[in-house]
Structures are given as C-alpha cells and as structure tokens.
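File shown: run.pdb. Contents: PDB, C-alpha atoms.
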```pdb
ATOM      1  CA  MET A 279    -238.959  10.830 123.933
ATOM      2  CA  ALA A 280    -240.926   8.815 121.411
ATOM      3  CA  LEU A 281    -240.347   9.427 117.731
ATOM      4  CA  LYS A 282    -243.324  10.937 115.903
ATOM      5  CA  ARG A 283    -243.997  11.205 112.188
ATOM      6  CA  ILE A 284    -245.781  14.360 111.092
ATOM      7  CA  ALA A 285    -247.456  14.779 107.689
ATOM      8  CA  LEU A 286    -248.114  18.188 106.141
ATOM      9  CA  ALA A 287    -250.035  19.448 103.111
ATOM     10  CA  VAL A 288    -248.063  22.216 101.384
ATOM     11  CA  GLU A 289    -249.430  24.589  98.756
ATOM     12  CA  TYR A 290    -247.042  26.694  96.704
ATOM     13  CA  ASP A 291    -246.674  28.975  93.732
ATOM     14  CA  GLY A 292    -243.767  27.508  91.771
ATOM     15  CA  GLN A 293    -242.684  30.855  90.324
ATOM     16  CA  GLY A 294    -239.376  31.922  91.769
ATOM     17  CA  PHE A 295    -238.403  28.437  92.934
ATOM     18  CA  CYS A 296    -236.219  25.921  91.130
ATOM     19  CA  GLY A 297    -238.733  23.171  91.791
ATOM     20  CA  TRP A 298    -239.421  21.167  94.921
ATOM     21  CA  GLN A 299    -236.115  19.379  95.479
ATOM     22  CA  ARG A 300    -233.379  20.995  97.543
ATOM     23  CA  GLN A 301    -230.415  22.042  95.366
ATOM     24  CA  PRO A 302    -227.155  23.780  96.302
ATOM     25  CA  HIS A 303    -227.243  26.418  93.537
ATOM     26  CA  CYS A 304    -230.807  27.752  93.825
ATOM     27  CA  HIS A 305    -233.758  28.224  96.168
ATOM     28  CA  SER A 306    -236.181  25.301  96.273
ATOM     29  CA  VAL A 307    -239.548  24.792  97.950
ATOM     30  CA  GLN A 308    -238.089  21.957 100.032
ATOM     31  CA  ALA A 309    -235.385  24.236 101.426
ATOM     32  CA  GLU A 310    -237.997  26.904 102.189
ATOM     33  CA  VAL A 311    -240.186  24.445 104.120
ATOM     34  CA  GLU A 312    -237.254  22.896 105.976
ATOM     35  CA  GLN A 313    -235.879  26.221 107.160
ATOM     36  CA  ALA A 314    -239.312  27.260 108.461
ATOM     37  CA  LEU A 315    -239.839  23.973 110.282
ATOM     38  CA  GLY A 316    -236.338  24.304 111.701
ATOM     39  CA  LYS A 317    -237.283  27.587 113.346
ATOM     40  CA  ILE A 318    -240.241  25.907 115.074
ATOM     41  CA  SER A 319    -238.295  22.828 116.149
ATOM     42  CA  GLN A 320    -234.992  24.630 116.825
ATOM     43  CA  GLN A 321    -233.176  21.842 115.008
ATOM     44  CA  ALA A 322    -232.536  20.676 111.446
ATOM     45  CA  VAL A 323    -235.533  19.068 109.762
ATOM     46  CA  THR A 324    -235.582  16.960 106.597
ATOM     47  CA  VAL A 325    -238.898  16.518 104.773
ATOM     48  CA  PHE A 326    -239.844  13.841 102.252
ATOM     49  CA  CYS A 327    -242.404  14.643  99.548
ATOM     50  CA  SER A 328    -245.041  12.713  97.636
ATOM     51  CA  GLY A 329    -243.799  13.878  94.230
ATOM     52  CA  ARG A 330    -241.071  16.253  93.072
ATOM     53  CA  THR A 331    -242.164  19.199  90.936
ATOM     54  CA  ASP A 332    -240.019  21.074  88.419
ATOM     55  CA  THR A 333    -239.185  24.771  88.179
ATOM     56  CA  GLY A 334    -242.334  26.867  87.816
ATOM     57  CA  VAL A 335    -244.758  24.030  88.624
ATOM     58  CA  HIS A 336    -247.281  24.730  91.376
ATOM     59  CA  ALA A 337    -248.826  22.483  94.017
ATOM     60  CA  ALA A 338    -252.242  22.516  95.661
ATOM     61  CA  ALA A 339    -251.478  19.947  98.370
ATOM     62  CA  GLN A 340    -247.977  18.515  98.210
ATOM     63  CA  ILE A 341    -247.916  15.887 100.960
ATOM     64  CA  VAL A 342    -244.686  15.716 102.948
ATOM     65  CA  HIS A 343    -243.557  14.062 106.158
ATOM     66  CA  PHE A 344    -240.789  14.475 108.703
ATOM     67  CA  ASP A 345    -239.800  12.812 111.975
ATOM     68  CA  THR A 346    -239.400  14.501 115.331
ATOM     69  CA  GLU A 347    -239.142  13.640 119.012
ATOM     70  CA  LEU A 348    -240.494  17.035 120.017
ATOM     71  CA  SER A 349    -243.956  17.573 121.450
ATOM     72  CA  ARG A 350    -245.562  20.440 119.611
ATOM     73  CA  PRO A 351    -249.268  21.145 119.080
ATOM     74  CA  LEU A 352    -250.277  20.544 115.469
ATOM     75  CA  ARG A 353    -251.109  24.240 115.184
ATOM     76  CA  ALA A 354    -247.407  24.977 115.673
ATOM     77  CA  TRP A 355    -246.547  22.891 112.628
ATOM     78  CA  THR A 356    -249.132  24.773 110.566
ATOM     79  CA  PHE A 357    -249.656  28.371 111.708
ATOM     80  CA  GLY A 358    -246.287  28.637 113.413
ATOM     81  CA  THR A 359    -244.423  27.339 110.374
ATOM     82  CA  ASN A 360    -246.484  29.536 108.041
ATOM     83  CA  SER A 361    -245.270  32.621 109.887
ATOM     84  CA  HIS A 362    -241.717  31.793 108.739
ATOM     85  CA  LEU A 363    -242.521  30.826 105.148
ATOM     86  CA  ASP A 364    -242.236  32.790 101.930
ATOM     87  CA  ARG A 365    -245.720  34.107 101.133
ATOM     88  CA  ARG A 366    -245.804  31.910  98.032
ATOM     89  CA  VAL A 367    -245.768  28.818 100.272
ATOM     90  CA  VAL A 368    -248.349  27.782 102.880
ATOM     91  CA  ILE A 369    -249.098  24.701 104.965
ATOM     92  CA  HIS A 370    -252.776  23.715 105.069
ATOM     93  CA  TRP A 371    -252.738  21.127 107.813
ATOM     94  CA  ALA A 372    -250.519  18.913 109.936
ATOM     95  CA  ALA A 373    -251.321  15.456 111.254
ATOM     96  CA  GLU A 374    -249.484  12.791 113.200
ATOM     97  CA  VAL A 375    -249.337   9.621 111.092
ATOM     98  CA  PRO A 376    -248.054   6.086 111.747
ATOM     99  CA  LEU A 377    -244.302   5.609 111.450
ATOM    100  CA  LYS A 378    -244.911   3.228 108.543
ATOM    101  CA  PHE A 379    -246.389   6.096 106.505
ATOM    102  CA  HIS A 380    -244.128   7.529 103.805
ATOM    103  CA  ALA A 381    -245.198  10.520 101.717
ATOM    104  CA  ARG A 382    -243.674   9.018  98.575
ATOM    105  CA  PHE A 383    -243.729   5.248  98.973
ATOM    106  CA  SER A 384    -247.180   4.983 100.584
ATOM    107  CA  ALA A 385    -248.837   6.933  97.754
ATOM    108  CA  LEU A 386    -251.291   5.043  95.558
ATOM    109  CA  ASP A 387    -251.297   7.611  92.765
ATOM    110  CA  ARG A 388    -250.625  11.245  91.939
ATOM    111  CA  SER A 389    -252.759  13.802  90.107
ATOM    112  CA  TYR A 390    -251.901  16.881  88.042
ATOM    113  CA  ARG A 391    -254.023  19.585  86.452
ATOM    114  CA  PHE A 392    -252.906  21.736  83.508
ATOM    115  CA  THR A 393    -255.044  24.836  82.921
ATOM    116  CA  ILE A 394    -254.661  26.616  79.587
ATOM    117  CA  LEU A 395    -256.191  29.981  78.737
ATOM    118  CA  ASN A 396    -257.622  29.641  75.231
ATOM    119  CA  ARG A 397    -258.265  33.093  73.770
ATOM    120  CA  PRO A 398    -256.512  35.468  71.347
ATOM    121  CA  THR A 399    -255.001  37.646  74.106
ATOM    122  CA  ARG A 400    -252.450  36.445  76.642
ATOM    123  CA  PRO A 401    -253.163  36.256  80.394
ATOM    124  CA  GLY A 402    -252.437  39.239  82.581
ATOM    125  CA  TYR A 403    -252.523  38.971  86.365
ATOM    126  CA  GLN A 404    -252.720  35.154  86.151
ATOM    127  CA  ALA A 405    -249.812  34.858  83.734
ATOM    128  CA  GLY A 406    -247.772  32.589  85.997
ATOM    129  CA  THR A 407    -250.619  30.230  86.807
ATOM    130  CA  LEU A 408    -252.102  29.653  83.351
ATOM    131  CA  GLY A 409    -250.800  28.249  80.116
ATOM    132  CA  TRP A 410    -251.891  30.090  76.974
ATOM    133  CA  GLU A 411    -252.956  29.066  73.488
ATOM    134  CA  ARG A 412    -254.263  31.788  71.146
ATOM    135  CA  ASN A 413    -255.674  29.376  68.545
ATOM    136  CA  ALA A 414    -259.055  27.740  69.095
ATOM    137  CA  LEU A 415    -258.862  24.304  70.713
ATOM    138  CA  ASP A 416    -261.290  21.394  70.353
ATOM    139  CA  ALA A 417    -261.460  19.994  73.888
ATOM    140  CA  GLN A 418    -263.583  16.984  72.925
ATOM    141  CA  ARG A 419    -261.109  15.996  70.233
ATOM    142  CA  MET A 420    -258.268  16.298  72.745
ATOM    143  CA  HIS A 421    -260.146  14.200  75.289
ATOM    144  CA  ASN A 422    -260.904  11.469  72.778
ATOM    145  CA  ALA A 423    -257.289  11.349  71.620
ATOM    146  CA  ALA A 424    -255.990  11.095  75.181
ATOM    147  CA  GLN A 425    -257.943   7.984  76.143
ATOM    148  CA  VAL A 426    -255.448   5.691  74.399
ATOM    149  CA  LEU A 427    -252.981   6.619  77.158
ATOM    150  CA  VAL A 428    -255.077   5.027  79.910
ATOM    151  CA  GLY A 429    -253.555   1.829  81.285
ATOM    152  CA  GLU A 430    -250.007   0.550  81.698
ATOM    153  CA  HIS A 431    -247.702   1.656  78.901
ATOM    154  CA  ASP A 432    -244.142   2.483  77.986
ATOM    155  CA  PHE A 433    -244.236   6.303  77.956
ATOM    156  CA  SER A 434    -240.796   6.807  76.377
ATOM    157  CA  SER A 435    -242.244   9.241  73.805
ATOM    158  CA  PHE A 436    -243.374  11.499  76.667
ATOM    159  CA  ARG A 437    -240.170  11.374  78.705
ATOM    160  CA  SER A 438    -237.519  14.078  78.976
ATOM    161  CA  SER A 439    -234.037  13.149  77.817
ATOM    162  CA  GLN A 440    -232.893  14.149  81.322
ATOM    163  CA  CYS A 441    -235.306  11.732  83.018
ATOM    164  CA  GLN A 442    -233.550   9.634  85.649
ATOM    165  CA  ALA A 443    -236.337   7.087  86.223
ATOM    166  CA  ASN A 444    -235.233   3.453  86.111
ATOM    167  CA  HIS A 445    -237.840   2.560  83.492
ATOM    168  CA  PRO A 446    -240.449   4.351  81.340
ATOM    169  CA  VAL A 447    -243.458   2.175  82.242
ATOM    170  CA  ARG A 448    -246.256   3.849  84.170
ATOM    171  CA  PHE A 449    -249.914   3.074  84.849
ATOM    172  CA  LEU A 450    -252.093   6.016  83.857
ATOM    173  CA  LYS A 451    -255.404   5.700  85.691
ATOM    174  CA  ARG A 452    -257.287   8.626  84.199
ATOM    175  CA  ILE A 453    -256.880  11.503  81.785
ATOM    176  CA  ALA A 454    -259.639  13.970  80.982
ATOM    177  CA  VAL A 455    -259.818  17.151  78.925
ATOM    178  CA  ARG A 456    -262.670  19.630  79.240
ATOM    179  CA  ARG A 457    -263.486  23.229  78.443
ATOM    180  CA  GLU A 458    -264.468  25.704  81.156
ATOM    181  CA  LEU A 459    -265.430  28.941  79.374
ATOM    182  CA  ASP A 460    -262.156  30.279  77.956
ATOM    183  CA  ARG A 461    -260.032  27.634  79.667
ATOM    184  CA  ILE A 462    -258.998  24.126  78.672
ATOM    185  CA  VAL A 463    -258.389  21.857  81.656
ATOM    186  CA  VAL A 464    -256.316  18.676  81.383
ATOM    187  CA  GLU A 465    -256.365  16.363  84.417
ATOM    188  CA  VAL A 466    -254.139  13.299  84.731
ATOM    189  CA  THR A 467    -253.852  10.638  87.430
ATOM    190  CA  ALA A 468    -251.188   7.931  87.397
ATOM    191  CA  ASN A 469    -249.181   5.770  89.769
ATOM    192  CA  GLY A 470    -246.181   7.934  88.889
ATOM    193  CA  PHE A 471    -244.881  10.341  86.262
ATOM    194  CA  LEU A 472    -241.713  10.604  84.214
ATOM    195  CA  HIS A 473    -239.749  13.833  84.008
ATOM    196  CA  ASN A 474    -241.778  16.428  82.042
ATOM    197  CA  MET A 475    -244.347  13.747  81.129
ATOM    198  CA  VAL A 476    -247.436  15.907  81.721
ATOM    199  CA  ARG A 477    -245.950  18.906  79.897
ATOM    200  CA  ILE A 478    -245.008  16.796  76.867
ATOM    201  CA  LEU A 479    -248.282  14.913  76.527
ATOM    202  CA  THR A 480    -250.265  18.136  77.032
ATOM    203  CA  GLY A 481    -248.226  19.769  74.279
ATOM    204  CA  CYS A 482    -249.129  16.872  71.978
ATOM    205  CA  LEU A 483    -252.800  17.213  72.869
ATOM    206  CA  LEU A 484    -252.653  20.923  72.018
ATOM    207  CA  ALA A 485    -251.409  20.048  68.523
ATOM    208  CA  ILE A 486    -254.392  17.713  68.149
ATOM    209  CA  GLY A 487    -256.811  20.301  69.553
ATOM    210  CA  LYS A 488    -255.613  22.860  66.995
ATOM    211  CA  GLY A 489    -256.054  20.361  64.148
ATOM    212  CA  GLU A 490    -252.320  20.199  63.393
ATOM    213  CA  GLN A 491    -252.233  16.460  64.099
ATOM    214  CA  PRO A 492    -254.818  13.695  63.620
ATOM    215  CA  GLU A 493    -256.805  12.357  66.566
ATOM    216  CA  ASN A 494    -254.895   9.054  66.458
ATOM    217  CA  TRP A 495    -251.513  10.778  66.838
ATOM    218  CA  MET A 496    -251.279   9.938  70.555
ATOM    219  CA  ALA A 497    -251.587   6.259  69.716
ATOM    220  CA  THR A 498    -248.843   6.608  67.108
ATOM    221  CA  LEU A 499    -246.527   8.303  69.596
ATOM    222  CA  LEU A 500    -247.232   5.759  72.300
ATOM    223  CA  GLU A 501    -246.345   2.920  69.948
ATOM    224  CA  ALA A 502    -243.207   4.686  68.661
ATOM    225  CA  LYS A 503    -241.566   4.911  72.116
ATOM    226  CA  ASP A 504    -239.420   7.724  70.700
ATOM    227  CA  ARG A 505    -239.210  11.170  72.342
ATOM    228  CA  THR A 506    -238.077  12.791  69.083
ATOM    229  CA  ARG A 507    -241.428  11.945  67.483
ATOM    230  CA  ALA A 508    -243.500  13.871  70.034
ATOM    231  CA  GLY A 509    -244.126  17.590  70.330
ATOM    232  CA  VAL A 510    -242.350  20.246  72.350
ATOM    233  CA  THR A 511    -242.222  20.401  76.138
ATOM    234  CA  ILE A 512    -244.592  23.266  76.841
ATOM    235  CA  PRO A 513    -243.828  25.839  79.594
ATOM    236  CA  PRO A 514    -244.829  24.943  83.179
ATOM    237  CA  ASN A 515    -247.249  27.881  83.521
ATOM    238  CA  GLY A 516    -250.616  26.377  84.356
ATOM    239  CA  LEU A 517    -249.334  23.041  85.655
ATOM    240  CA  CYS A 518    -250.354  22.186  89.211
ATOM    241  CA  PHE A 519    -249.612  19.066  91.245
ATOM    242  CA  LEU A 520    -252.921  18.439  93.006
ATOM    243  CA  GLN A 521    -252.120  15.714  95.518
ATOM    244  CA  ALA A 522    -251.138  12.110  96.004
ATOM    245  CA  SER A 523    -253.762   9.703  97.326
ATOM    246  CA  TYR A 524    -253.145   7.196 100.112
ATOM    247  CA  PRO A 525    -254.769   4.136 101.719
ATOM    248  CA  ASP A 526    -257.584   5.113 104.081
ATOM    249  CA  GLU A 527    -255.681   3.723 107.070
ATOM    250  CA  PHE A 528    -253.409   6.778 107.071
ATOM    251  CA  GLY A 529    -256.265   9.282 107.242
ATOM    252  CA  VAL A 530    -254.724  11.740 104.753
ATOM    253  CA  PRO A 531    -257.417  14.243 103.657
ATOM    254  CA  ASP A 532    -258.238  14.249  99.956
ATOM    255  CA  PHE A 533    -257.699  17.667  98.352
ATOM    256  CA  GLU A 534    -260.495  17.437  95.802
ATOM    257  CA  LYS A 535    -263.063  16.170  98.306
ATOM    258  CA  ASN A 536    -262.182  18.590 101.087
ATOM    259  CA  LYS A 537    -261.253  21.837  99.338
ATOM    260  CA  ALA A 538    -264.815  23.174  99.680
ATOM    261  CA  GLN A 539    -264.624  22.781 103.459
ATOM    262  CA  PRO A 540    -261.658  23.775 105.628
ATOM    263  CA  VAL A 541    -259.518  21.054 107.211
ATOM    264  CA  TYR A 542    -258.483  22.247 110.668
ATOM    265  CA  PRO A 543    -255.330  20.968 112.381
TER
END
```
Same coordinates, now as structure tokens:
Amino acid sequence: MALKRIALAVEYDGQGFCGWQRQPHCHSVQAEVEQALGKISQQAVTVFCSGRTDTGVHAAAQIVHFDTELSRPLRAWTFGTNSHLDRRVVIHWAAEVPLKFHARFSALDRSYRFTILNRPTRPGYQAGTLGWERNALDAQRMHNAAQVLVGEHDFSSFRSSQCQANHPVRFLKRIAVRRELDRIVVEVTANGFLHNMVRILTGCLLAIGKGEQPENWMATLLEAKDRTRAGVTIPPNGLCFLQASYPDEFGVPDFEKNKAQPVYP
C-alpha cells in the first residue's frame, strides 16, 4: 500500500497538559493525540508538530502530520479521532498532503496571541485562558515600543535560560498591541520563537504599558542581549499559538482567514 501523509489542525486548552511534546513523566498533548489516532489506525502513530508549546499554553490550530499506509476517509481522522480525545483537545480538519510536506520544516512563520484582561478584578470563568493585569495599561505606548523588535535580531534578552535553540537570532515579521474593551491583545508573527520568548517580551511590554519603564526600554533590552536585564516571564494564561503558515502549494487552510467559515474534511 502506498504511503500517505496526513495533516491535521489541532486545537487544545493547555491547562492540565505539560505542553505539546511527549514526555515520560507527565501527560502531553502530543501523547493524547497519538493515542487517539492509534485507536483509529490500530497501530502506533507518531505526529510531528509545527511548533512546540509549553505547559499551560493553548493552541487554536496546531498543524501536525503523520504517515500511514492505511486507507481511511478523512472524516475518520477528524470525527473518529475526536471521539477518543480528551475534551480539551479537538481536531478541526484532516487533509492528505504531499510527502514533501513537513509540519515544522515547511512552515514559513508562526503566530501567537496573548490576551490580557486589564481591569481591577481578576478573571473568573476564563481564568485559564486570559492573562490579568489590574493596573491600567497604555496599549498605544506598548505597540509603539514593540516596533523596534520587527526584523532580524539577536533575541537573547527574551530567551529562557533553559532554551535549547542553537542560536538566538530570529526574524520577527510583525508585532501589534491593541485594546479591545477591557482586554489588551498582543499578536506576534516570526519565523520561529525561542523558549518563553513571547511570555518574556509581553512581560516587558506590560512594564512599559504601566509606565514603569520608558518607551525605549525594548530597544535597550534588544541591544543588551542579556536575559537578566529583561522583566519576568509572565504566566502562560492567555497565550495561544494561532497557527503556522505554509506555501500555497500545500493547501493548508489559514486559521485567521477561515475561522469565520467552517472547514469541512
């Protein structure tokens, strides 16, 4: 039988999981997806993702792929697999893609969104999906400060000490900060991210938004290339991996463009 490569879009609530990557000592999203796919295929399945997420970080459309020689309707890889998944995890769609497609290495860029509730009282029923800052934030000031990060830079100041990346240079394509009623939304797109990079740079922007640091502080940190000079790594609540984007030849649906209309398998 001919080998097929199947791509999936996986949404998950990161609470209760120790991140995406399979680990022997805790339950990961990868392990959850693989065990569910295994029940459909009746054999072990290994999936490869577009970008690993840490403990507590959510995903809107994590793109993954796996190989199989089995002939299954695409609905089996979506609705069938969903019936075996933890309710915090769901597959949106499945598609057969060329064998040269790779969820990680074919990606052009990756996008994250950090949503922060900005009011005196903490969140209630959305506590796990929102960050929280009780002090008033100036979103325009945060946005202006962030623009110095656009382009290719050494992001050592925004890199966890546990980061295992070979080098700290990344190309940040876009960063935007806006207010939506009582929420501050930070959106970032780059060719790749360092460990805890979005949580660290968002924490620095919060200090600027509260007036604790000057607007040019991001530029100072970028030039310093020193993690000890930057702010704290803020909690993952509110951080969501949106999706990776791919060349059109692979036909991977874009989350932001298609979320208003359903994508059927």
Step by step, work through what the PyMOL selection byres ((chain A and resi 332-337) around 7) selects in the shown file, and finish by giving those residues as a PDB file with C-alpha atoms, in the frame of the given file.
```
ATOM      1  CA  GLU A 289    -249.430  24.589  98.756  1.00  0.00           C
ATOM      2  CA  TYR A 290    -247.042  26.694  96.704  1.00  0.00           C
ATOM      3  CA  ASP A 291    -246.674  28.975  93.732  1.00  0.00           C
ATOM      4  CA  GLY A 292    -243.767  27.508  91.771  1.00  0.00           C
ATOM      5  CA  GLN A 293    -242.684  30.855  90.324  1.00  0.00           C
ATOM      6  CA  PHE A 295    -238.403  28.437  92.934  1.00  0.00           C
ATOM      7  CA  CYS A 296    -236.219  25.921  91.130  1.00  0.00           C
ATOM      8  CA  GLY A 297    -238.733  23.171  91.791  1.00  0.00           C
ATOM      9  CA  TRP A 298    -239.421  21.167  94.921  1.00  0.00           C
ATOM     10  CA  ARG A 330    -241.071  16.253  93.072  1.00  0.00           C
ATOM     11  CA  THR A 331    -242.164  19.199  90.936  1.00  0.00           C
ATOM     12  CA  ALA A 338    -252.242  22.516  95.661  1.00  0.00           C
ATOM     13  CA  ALA A 339    -251.478  19.947  98.370  1.00  0.00           C
ATOM     14  CA  GLN A 340    -247.977  18.515  98.210  1.00  0.00           C
ATOM     15  CA  PRO A 514    -244.829  24.943  83.179  1.00  0.00           C
ATOM     16  CA  ASN A 515    -247.249  27.881  83.521  1.00  0.00           C
ATOM     17  CA  LEU A 517    -249.334  23.041  85.655  1.00  0.00           C
ATOM     18  CA  CYS A 518    -250.354  22.186  89.211  1.00  0.00           C
ATOM     19  CA  PHE A 519    -249.612  19.066  91.245  1.00  0.00           C
ATOM     20  CA  LEU A 520    -252.921  18.439  93.006  1.00  0.00           C
TER      21      LEU A 520
END
```
Box for range 344-349 of chain A: with edges along x, y and z, all listed atoms inside and 4 Å added on each side, what are the centre and edge lengths in Å to one decimal, as lines of an AutoDock Vina configuration file?
```
center_x = -241.5
center_y = 15.2
center_z = 115.1
size_x = 12.8
size_y = 12.8
size_z = 20.7
```
Find the residues around Lys317 in chain A up to 9 Å (all atoms listed in the file counted), leave out those fewer than 4 positions away in its own chain, and share them as a PyMOL selection string.
-> chain A and resi 312-313+321-322+359+362
Ground truth for the PyMOL selection byres ((chain A and resi 429-434) around 10), written as number ranges by chain = A: 425-428, 435-439, 441, 445-452, 468-469, 471-472, 475, 479, 499-506, 508
Identify the residues within 12 Å of coordinate (-251.1, 33.5, 80.7) (same frame as the file), considering all atoms listed in the file, and give the answer as number ranges by chain.
-> A: 393-412, 460-461, 513-517
Hey, what comes out of the PyMOL selection byres ((chain A and resi 376) around 9) on this file? Could you write it as a PyMOL selection string?
-> chain A and resi 282-284+374-375+377-380+528
For range 479-494 of chain A, supply N, CA and C atoms and format the output as a JSON list (two decimals), in the frame of the given file.
```json
[["chain", "number", "residue", "atom", "x", "y", "z"],
["A", 479, "LEU", "N", -247.04, 15.46, 77.08],
["A", 479, "LEU", "CA", -248.28, 14.91, 76.53],
["A", 479, "LEU", "C", -249.34, 16.00, 76.35],
["A", 480, "THR", "N", -249.33, 17.03, 77.22],
["A", 480, "THR", "CA", -250.26, 18.14, 77.03],
["A", 480, "THR", "C", -249.92, 18.92, 75.77],
["A", 481, "GLY", "N", -248.64, 19.11, 75.51],
["A", 481, "GLY", "CA", -248.23, 19.77, 74.28],
["A", 481, "GLY", "C", -248.69, 19.02, 73.05],
["A", 482, "CYS", "N", -248.65, 17.69, 73.10],
["A", 482, "CYS", "CA", -249.13, 16.87, 71.98],
["A", 482, "CYS", "C", -250.64, 17.01, 71.82],
["A", 483, "LEU", "N", -251.35, 17.05, 72.93],
["A", 483, "LEU", "CA", -252.80, 17.21, 72.87],
["A", 483, "LEU", "C", -253.18, 18.58, 72.30],
["A", 484, "LEU", "N", -252.38, 19.60, 72.59],
["A", 484, "LEU", "CA", -252.65, 20.92, 72.02],
["A", 484, "LEU", "C", -252.55, 20.88, 70.50],
["A", 485, "ALA", "N", -251.56, 20.16, 69.98],
["A", 485, "ALA", "CA", -251.41, 20.05, 68.52],
["A", 485, "ALA", "C", -252.63, 19.36, 67.91],
["A", 486, "ILE", "N", -253.18, 18.39, 68.62],
["A", 486, "ILE", "CA", -254.39, 17.71, 68.15],
["A", 486, "ILE", "C", -255.59, 18.64, 68.26],
["A", 487, "GLY", "N", -255.69, 19.38, 69.36],
["A", 487, "GLY", "CA", -256.81, 20.30, 69.55],
["A", 487, "GLY", "C", -256.85, 21.42, 68.54],
["A", 488, "LYS", "N", -255.67, 21.81, 68.02],
["A", 488, "LYS", "CA", -255.61, 22.86, 67.00],
["A", 488, "LYS", "C", -255.82, 22.30, 65.59],
["A", 489, "GLY", "N", -255.89, 20.98, 65.46],
["A", 489, "GLY", "CA", -256.05, 20.36, 64.15],
["A", 489, "GLY", "C", -254.76, 20.17, 63.38],
["A", 490, "GLU", "N", -253.61, 20.36, 64.06],
["A", 490, "GLU", "CA", -252.32, 20.20, 63.39],
["A", 490, "GLU", "C", -251.92, 18.74, 63.26],
["A", 491, "GLN", "N", -252.50, 17.90, 64.13],
["A", 491, "GLN", "CA", -252.23, 16.46, 64.10],
["A", 491, "GLN", "C", -253.55, 15.70, 64.15],
["A", 492, "PRO", "N", -253.58, 14.49, 63.60],
["A", 492, "PRO", "CA", -254.82, 13.70, 63.62],
["A", 492, "PRO", "C", -255.13, 13.20, 65.03],
["A", 493, "GLU", "N", -256.37, 12.80, 65.24],
["A", 493, "GLU", "CA", -256.80, 12.36, 66.57],
["A", 493, "GLU", "C", -256.07, 11.11, 67.02],
["A", 494, "ASN", "N", -255.59, 10.29, 66.08],
["A", 494, "ASN", "CA", -254.90, 9.05, 66.46],
["A", 494, "ASN", "C", -253.39, 9.25, 66.68]]
```
